[in-house]
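Student: Starting off with a structure, shown below.
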Amino acid sequence: MSRVRITPETFELVEYDAGVIAGLTEELAARVGIPDDAPIEVDVDEELPLPLTGSTADVADGKVQLWFSGADFENTHNRAEFDESLARAEIALALFRAGDRLAPGFADAPADEELSDAQRHAWESWADGRAVRLGEHARKVRRQYHFRLYNGFTDRADAAFERLWNAESGAFTWAELDAICTDCAAVDPRPTPKRKAAIRKETLKAG
């Protein structure tokens, strides 16, 4: 019996197959290093189409809980069609972050929706670098640009990004990841960027 549970079991608004998503998640969880005894729940909100992308990766009582907007897996050229390459990249990134949360050093990390944008993009930069080394697709230049938006267009931020991108699992605790963002903020001459609204809010749903 699979340890992966997909919600919904049947998609009505997009051409996704829960079995395919479960299979990708199971494969990637093994490659990422999620313990075999950790259940994985994947919730895909098919009511959030492009451009409303967003995801969360949390852990509760040893259970991995992933949430994605439907847009995260959506083919950018054929709306409502499943893009396996994109889905693999998004699932791998989320599983790396969930795997971090399973480690003792991340026990005090805030829930995903409580992260600052700077913290979120620092963590995703670390996760994306690891996903690339697994062979999954990621655009480093695009990831670095988003990191800079919230951690500064400075030499210190660029050095921090490279450190995150090239680090392996276990390289940081939550406190160390947060300290990287604090250090970047200390030399960023800009006002603190306004925090983006949570994509998961009911008011953002399409239709």
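Following the order of the structure tokens, first chain is A, next is B, and so on, with residues numbered from 1 inside each chain and ligands from 1 in the order they appear.
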As a ChimeraX atom specification, please: every residue in stretch 5-119 of chain A that DSSP puts in alpha helix (DSSP H).
Tutor: /A:18-32,84-101,117-119
Student: Would you kindly return, as a list in words, each protein, DNA or RNA residue with an atom no farther than 7 Å from any atom of stretch 14-25 of chain A, considering only C-alpha atoms and excluding same-chain residues fewer than 3 positions away?
Tutor: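 What passes the distance filter is Val4, Arg5, Ile6, Glu9, Thr10, Phe11, Leu28, Ala29, Glu46, Ala80, Glu81, Phe82, Arg88 and Ile91 of chain A.
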Student: For the residues in that selection, give me N, CA and C atoms as an mmCIF file, in the first residue's frame.
Tutor:
data_model
loop_
_atom_site.group_PDB
_atom_site.id
_atom_site.type_symbol
_atom_site.label_atom_id
_atom_site.label_comp_id
_atom_site.auth_asym_id
_atom_site.auth_seq_id
_atom_site.Cartn_x
_atom_site.Cartn_y
_atom_site.Cartn_z
ATOM 1 N N VAL A 4 1.663 7.402 0.009
ATOM 2 C CA VAL A 4 1.304 8.712 -0.548
ATOM 3 C C VAL A 4 -0.201 8.790 -0.771
ATOM 4 N N ARG A 5 -0.813 9.855 -0.281
ATOM 5 C CA ARG A 5 -2.242 10.076 -0.503
ATOM 6 C C ARG A 5 -2.425 11.394 -1.247
ATOM 7 N N ILE A 6 -3.160 11.355 -2.352
ATOM 8 C CA ILE A 6 -3.382 12.537 -3.182
ATOM 9 C C ILE A 6 -4.816 13.034 -2.998
ATOM 10 N N GLU A 9 -8.839 12.691 -5.269
ATOM 11 C CA GLU A 9 -8.549 11.405 -5.901
ATOM 12 C C GLU A 9 -8.852 11.450 -7.396
ATOM 13 N N THR A 10 -9.823 12.296 -7.772
ATOM 14 C CA THR A 10 -10.176 12.485 -9.173
ATOM 15 C C THR A 10 -10.246 13.975 -9.462
ATOM 16 N N PHE A 11 -9.546 14.410 -10.498
ATOM 17 C CA PHE A 11 -9.544 15.824 -10.865
ATOM 18 C C PHE A 11 -10.661 16.104 -11.866
ATOM 19 N N LEU A 28 10.300 10.351 -6.037
ATOM 20 C CA LEU A 28 11.137 11.471 -5.621
ATOM 21 C C LEU A 28 11.396 11.457 -4.119
ATOM 22 N N ALA A 29 10.417 11.006 -3.343
ATOM 23 C CA ALA A 29 10.617 10.924 -1.893
ATOM 24 C C ALA A 29 11.771 9.984 -1.565
ATOM 25 N N GLU A 46 -7.023 22.340 -7.586
ATOM 26 C CA GLU A 46 -7.228 22.506 -9.024
ATOM 27 C C GLU A 46 -8.004 23.777 -9.366
ATOM 28 N N ALA A 80 -4.595 23.609 -18.371
ATOM 29 C CA ALA A 80 -5.244 22.472 -17.709
ATOM 30 C C ALA A 80 -4.570 21.138 -18.017
ATOM 31 N N GLU A 81 -3.498 21.159 -18.808
ATOM 32 C CA GLU A 81 -2.780 19.919 -19.144
ATOM 33 C C GLU A 81 -1.608 19.725 -18.181
ATOM 34 N N PHE A 82 -1.377 18.498 -17.776
ATOM 35 C CA PHE A 82 -0.323 18.167 -16.824
ATOM 36 C C PHE A 82 1.049 18.248 -17.483
ATOM 37 N N ARG A 88 7.571 17.359 -11.511
ATOM 38 C CA ARG A 88 8.716 16.721 -10.857
ATOM 39 C C ARG A 88 9.555 17.756 -10.113
ATOM 40 N N ILE A 91 7.602 19.105 -7.012
ATOM 41 C CA ILE A 91 7.481 18.089 -5.959
ATOM 42 C C ILE A 91 8.834 17.848 -5.296
#
Student: Can you work out the spacing between atom CA of A:Lys194 and atom CA of A:Ser116 in Å, to one decimal?
Tutor: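 Atom CA of A:Ser116 lies at a distance of 9.8 Å from atom CA of A:Lys194.
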Student: Would you list the contacts of A:Arg31 as an MDAnalysis selection string, taking every protein, DNA or RNA residue within 12 Å and counting only C-alpha atoms, but skipping same-chain residues closer than 6 positions in sequence?
Tutor: chainID A and resid 24:25 88 91:93 95:96 99 130:131 133:136
Student: Output C-alpha atoms for every residue in the selection just made, as a PDB file, in the first residue's frame.
Tutor:
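Full text of selection.pdb as output:
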ATOM      1  CA  LEU A  24       6.161  10.748  -8.987  1.00  0.00           C
ATOM      2  CA  THR A  25       5.951  11.676  -5.312  1.00  0.00           C
ATOM      3  CA  ARG A  88       8.716  16.721 -10.857  1.00  0.00           C
ATOM      4  CA  ILE A  91       7.481  18.089  -5.959  1.00  0.00           C
ATOM      5  CA  ALA A  92      11.229  17.569  -5.517  1.00  0.00           C
ATOM      6  CA  LEU A  93      11.688  21.092  -4.187  1.00  0.00           C
ATOM      7  CA  LEU A  95      10.069  17.249  -0.579  1.00  0.00           C
ATOM      8  CA  PHE A  96      13.550  18.601   0.105  1.00  0.00           C
ATOM      9  CA  GLY A  99      12.790  16.548   4.600  1.00  0.00           C
ATOM     10  CA  ARG A 130      19.762  19.971  -4.406  1.00  0.00           C
ATOM     11  CA  ALA A 131      16.986  19.162  -6.881  1.00  0.00           C
ATOM     12  CA  ARG A 133      21.884  17.715  -8.527  1.00  0.00           C
ATOM     13  CA  LEU A 134      19.226  14.998  -8.615  1.00  0.00           C
ATOM     14  CA  GLY A 135      18.745  15.784 -12.292  1.00  0.00           C
ATOM     15  CA  GLU A 136      15.509  17.757 -11.977  1.00  0.00           C
TER      16      GLU A 136
END
Student: What residues in stretch 2-204 of chain A get the DSSP label strand (DSSP E or B)? Please answer as a list of chain:residue names.
Tutor: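 So, restricting stretch 2-204 of chain A to strand (DSSP E or B), we get A:Val4, A:Arg5, A:Ile6, A:Thr7, A:Glu15, A:Ile40, A:Glu41, A:Val42, A:Asp43, A:Val44, A:Asp45, A:Ser55, A:Thr56, A:Ala57, A:Asp58, A:Val59, A:Ala60, A:Lys63, A:Val64, A:Gln65, A:Leu66, A:Trp67, A:Phe68, A:Ser69, A:Glu74, A:Glu81, A:Phe82.
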Student: Give me the residues within 8 Å of A:Trp174 as a PyMOL selection string, counting only C-alpha atoms and dropping any in the same chain fewer than 6 places off.
Tutor: chain A and resi 105-109
Student: May I have the selected residues written with C-alpha atoms, as a short mmCIF file (atom, residue, chain, number, x, y, z; two decimals), in the first residue's frame?
Tutor:
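The resulting file, part_9.cif, is reproduced below:
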data_model
loop_
_atom_site.label_atom_id
_atom_site.label_comp_id
_atom_site.auth_asym_id
_atom_site.auth_seq_id
_atom_site.Cartn_x
_atom_site.Cartn_y
_atom_site.Cartn_z
CA GLY A 105 17.55 21.31 13.54
CA PHE A 106 14.30 22.50 11.93
CA ALA A 107 11.96 21.70 14.82
CA ASP A 108 11.52 25.42 15.52
CA ALA A 109 10.96 26.49 11.90
#
Student: So how far away is atom CA of A:Asp112 from atom CA of A:Trp67, in Å?
Tutor: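 Distance reported for this atom pair: 10.3 Å.
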